[in-house]
Amino acid sequence: MNLRNLQKQQNADNFYETERLVLRPVSPEDAEFILDLYSRPKFIKYIGDRNLKTISDASEYIKNRFLPQFEKLGFGNYLILTKEGNHKIGGVGIFVREGLDIADIGFSLLEEFEGNGYACEAALKVKSIGMNDFGLPKISAITAKDNNASQKLIEKLGLKFRNMITLPGDAEELMYYETE
């Protein structure tokens, strides 16, 4: 293993902290939580139906979608936990997606934890990890036209609306944001 890969592996194993949160790489042991989060109507409406019906489906999704990106790039999808109470409340990450030239930041919270600034706190940390720890020159974000809460958060992260896009294999037109 070369030094760069060793550094990526060490970063992938790291937990990151903010004032109120701990962020750690999502693992197959989080399958029950991911199934719950990804099955919520709001997640399906704004992010999409990942077709997860069982804990086993969620575990396979994590193994096939999240872990390979961590192994290849050293960053990916992080579970958001509260320091107080150690509650799993959502996910935040930087993703390499087909149809986007720039890695994009994404986030989702259980509805019962929205409105407390957790998503912004976690997303600011992940943006910093991507740009400072992994040297990403820019970060993008995509969101549905009617997802006003995400649009506001993306703008708080310092990303600017650029144009409307459609990802390969998807009919929905999305708002595309990018760092300066």
# chains A, B, ... in the order shown; residues from 1 in each chain; ligands from 1
>>> select_by_dssp(residues="region 105-143 of chain A", states="strand (DSSP E or B)", output="CSV table (one decimal) with N, CA and C atoms, in the first residue's frame")
chain,number,residue,atom,x,y,z
A,105,ILE,N,-21.9,17.4,-2.6
A,105,ILE,CA,-22.2,17.2,-1.2
A,105,ILE,C,-23.7,16.9,-1.1
A,106,GLY,N,-24.0,15.9,-0.2
A,106,GLY,CA,-25.4,15.6,0.0
A,106,GLY,C,-25.7,15.4,1.5
A,107,PHE,N,-26.9,15.5,1.9
A,107,PHE,CA,-27.3,15.4,3.3
A,107,PHE,C,-28.7,15.0,3.5
A,108,SER,N,-29.0,14.3,4.6
A,108,SER,CA,-30.4,14.0,4.9
A,108,SER,C,-30.5,13.7,6.4
A,109,LEU,N,-31.6,14.2,7.0
A,109,LEU,CA,-31.8,14.0,8.4
A,109,LEU,C,-33.1,13.4,8.6
A,140,SER,N,-19.8,20.5,-5.6
A,140,SER,CA,-21.1,20.9,-6.1
A,140,SER,C,-22.2,20.4,-5.2
A,141,ALA,N,-23.5,20.7,-5.6
A,141,ALA,CA,-24.7,20.2,-4.9
A,141,ALA,C,-25.8,20.2,-5.9
A,142,ILE,N,-26.7,19.2,-5.7
A,142,ILE,CA,-27.9,19.2,-6.5
A,142,ILE,C,-29.1,19.1,-5.6
A,143,THR,N,-30.2,19.6,-6.0
A,143,THR,CA,-31.4,19.5,-5.2
A,143,THR,C,-32.7,19.7,-6.1
>>> residues_around(residues="region 117-124 of chain A", least_positions_apart="4", cutoff="9 Å", atoms="only C-alpha atoms", output="list in words")
Glu17, Thr18, Glu19, Arg20, Leu21, Val22, Leu23, Ile80, Thr82, Ile89, Gly90, Gly91, Val92, Gly93, Ile105, Gly106, Phe107, Ser108, Leu109, Phe113, Ser128, Ile129, Leu153, Ile154, Lys156 and Leu157 of chain A
>>> write_last_selection(atoms="N, CA and C atoms", output="PDB file, in the first residue's frame")
ATOM      1  N   GLU A  17     -15.410  15.431  14.272  1.00  0.00           N
ATOM      2  CA  GLU A  17     -16.283  16.035  15.265  1.00  0.00           C
ATOM      3  C   GLU A  17     -16.564  17.489  14.937  1.00  0.00           C
ATOM      4  N   THR A  18     -17.759  17.907  15.326  1.00  0.00           N
ATOM      5  CA  THR A  18     -18.128  19.310  15.322  1.00  0.00           C
ATOM      6  C   THR A  18     -18.503  19.625  16.770  1.00  0.00           C
ATOM      7  N   GLU A  19     -19.028  20.791  16.995  1.00  0.00           N
ATOM      8  CA  GLU A  19     -19.396  21.167  18.361  1.00  0.00           C
ATOM      9  C   GLU A  19     -20.398  20.185  18.979  1.00  0.00           C
ATOM     10  N   ARG A  20     -21.392  19.773  18.179  1.00  0.00           N
ATOM     11  CA  ARG A  20     -22.462  18.928  18.734  1.00  0.00           C
ATOM     12  C   ARG A  20     -22.560  17.539  18.117  1.00  0.00           C
ATOM     13  N   LEU A  21     -21.732  17.266  17.107  1.00  0.00           N
ATOM     14  CA  LEU A  21     -21.910  16.050  16.326  1.00  0.00           C
ATOM     15  C   LEU A  21     -20.633  15.245  16.168  1.00  0.00           C
ATOM     16  N   VAL A  22     -20.807  13.966  15.896  1.00  0.00           N
ATOM     17  CA  VAL A  22     -19.729  13.077  15.482  1.00  0.00           C
ATOM     18  C   VAL A  22     -20.122  12.559  14.099  1.00  0.00           C
ATOM     19  N   LEU A  23     -19.174  12.570  13.185  1.00  0.00           N
ATOM     20  CA  LEU A  23     -19.382  12.040  11.842  1.00  0.00           C
ATOM     21  C   LEU A  23     -18.439  10.865  11.665  1.00  0.00           C
ATOM     22  N   ILE A  80     -24.305  10.730  10.799  1.00  0.00           N
ATOM     23  CA  ILE A  80     -24.317  11.859  11.733  1.00  0.00           C
ATOM     24  C   ILE A  80     -24.874  11.359  13.061  1.00  0.00           C
ATOM     25  N   THR A  82     -25.372  12.496  17.293  1.00  0.00           N
ATOM     26  CA  THR A  82     -25.297  13.576  18.270  1.00  0.00           C
ATOM     27  C   THR A  82     -24.306  13.183  19.354  1.00  0.00           C
ATOM     28  N   ILE A  89     -28.797  10.419  13.565  1.00  0.00           N
ATOM     29  CA  ILE A  89     -29.819  11.372  13.117  1.00  0.00           C
ATOM     30  C   ILE A  89     -29.839  11.599  11.614  1.00  0.00           C
ATOM     31  N   GLY A  90     -28.813  11.154  10.888  1.00  0.00           N
ATOM     32  CA  GLY A  90     -28.819  11.389   9.451  1.00  0.00           C
ATOM     33  C   GLY A  90     -27.520  10.982   8.795  1.00  0.00           C
ATOM     34  N   GLY A  91     -27.385  11.416   7.562  1.00  0.00           N
ATOM     35  CA  GLY A  91     -26.185  11.145   6.785  1.00  0.00           C
ATOM     36  C   GLY A  91     -25.760  12.393   6.036  1.00  0.00           C
ATOM     37  N   VAL A  92     -24.466  12.501   5.806  1.00  0.00           N
ATOM     38  CA  VAL A  92     -23.899  13.616   5.061  1.00  0.00           C
ATOM     39  C   VAL A  92     -22.659  13.094   4.351  1.00  0.00           C
ATOM     40  N   GLY A  93     -22.420  13.553   3.142  1.00  0.00           N
ATOM     41  CA  GLY A  93     -21.242  13.045   2.456  1.00  0.00           C
ATOM     42  C   GLY A  93     -20.908  13.808   1.209  1.00  0.00           C
ATOM     43  N   ILE A 105     -21.936  17.383  -2.589  1.00  0.00           N
ATOM     44  CA  ILE A 105     -22.245  17.200  -1.183  1.00  0.00           C
ATOM     45  C   ILE A 105     -23.735  16.892  -1.063  1.00  0.00           C
ATOM     46  N   GLY A 106     -24.046  15.950  -0.193  1.00  0.00           N
ATOM     47  CA  GLY A 106     -25.438  15.584   0.027  1.00  0.00           C
ATOM     48  C   GLY A 106     -25.685  15.370   1.507  1.00  0.00           C
ATOM     49  N   PHE A 107     -26.925  15.511   1.912  1.00  0.00           N
ATOM     50  CA  PHE A 107     -27.262  15.397   3.339  1.00  0.00           C
ATOM     51  C   PHE A 107     -28.717  15.019   3.482  1.00  0.00           C
ATOM     52  N   SER A 108     -29.008  14.321   4.555  1.00  0.00           N
ATOM     53  CA  SER A 108     -30.395  13.993   4.896  1.00  0.00           C
ATOM     54  C   SER A 108     -30.467  13.736   6.396  1.00  0.00           C
ATOM     55  N   LEU A 109     -31.557  14.183   6.979  1.00  0.00           N
ATOM     56  CA  LEU A 109     -31.784  14.000   8.418  1.00  0.00           C
ATOM     57  C   LEU A 109     -33.143  13.374   8.647  1.00  0.00           C
ATOM     58  N   PHE A 113     -35.199  15.566  13.761  1.00  0.00           N
ATOM     59  CA  PHE A 113     -33.987  16.307  14.132  1.00  0.00           C
ATOM     60  C   PHE A 113     -33.766  17.536  13.251  1.00  0.00           C
ATOM     61  N   SER A 128     -15.438  21.003   4.476  1.00  0.00           N
ATOM     62  CA  SER A 128     -14.065  21.268   4.905  1.00  0.00           C
ATOM     63  C   SER A 128     -13.185  20.028   4.734  1.00  0.00           C
ATOM     64  N   ILE A 129     -13.704  18.867   5.087  1.00  0.00           N
ATOM     65  CA  ILE A 129     -12.949  17.622   4.928  1.00  0.00           C
ATOM     66  C   ILE A 129     -12.597  17.424   3.455  1.00  0.00           C
ATOM     67  N   LEU A 153     -29.779  25.673   2.718  1.00  0.00           N
ATOM     68  CA  LEU A 153     -28.586  25.104   3.345  1.00  0.00           C
ATOM     69  C   LEU A 153     -27.408  25.122   2.372  1.00  0.00           C
ATOM     70  N   ILE A 154     -27.644  24.754   1.130  1.00  0.00           N
ATOM     71  CA  ILE A 154     -26.585  24.755   0.115  1.00  0.00           C
ATOM     72  C   ILE A 154     -26.003  26.158  -0.030  1.00  0.00           C
ATOM     73  N   LYS A 156     -25.994  28.451   2.329  1.00  0.00           N
ATOM     74  CA  LYS A 156     -25.231  28.709   3.558  1.00  0.00           C
ATOM     75  C   LYS A 156     -23.834  28.106   3.489  1.00  0.00           C
ATOM     76  N   LEU A 157     -23.691  27.039   2.707  1.00  0.00           N
ATOM     77  CA  LEU A 157     -22.385  26.395   2.530  1.00  0.00           C
ATOM     78  C   LEU A 157     -21.481  27.179   1.585  1.00  0.00           C
TER      79      LEU A 157
END
>>> atom_distance(atom1="CA of Lys160 (chain A)", atom2="CA of Arg97 (chain A)")
19.0 Å
>>> select_by_dssp(residues="chain A", states="alpha helix (DSSP H)", output="MDAnalysis selection string")
chainID A and resid 3:13 31:39 41:46 55:61 67:73 118:128 148:156
>>> closest_residue(among="A:Leu174, A:Leu136, A:Leu110, A:Val126", to="Pro41 (chain A)", atoms="only C-alpha atoms")
A:Leu110
>>> closest_residue(among="A:Ile139, A:Leu73, A:Leu52, A:Leu167", to="Gly99 (chain A)", atoms="only C-alpha atoms")
A:Leu167
>>> atom_distance(atom1="CA of Pro68 (chain A)", atom2="CA of His87 (chain A)")
25.7 Å
>>> closest_residue(among="A:Leu67, A:Met175, A:Ile55, A:Val96", to="Leu159 (chain A)", atoms="only C-alpha atoms")
A:Met175
>>> closest_residue(among="A:Tyr61, A:Phe75, A:Tyr177, A:Phe95", to="Asp30 (chain A)", atoms="only C-alpha atoms")
A:Tyr61
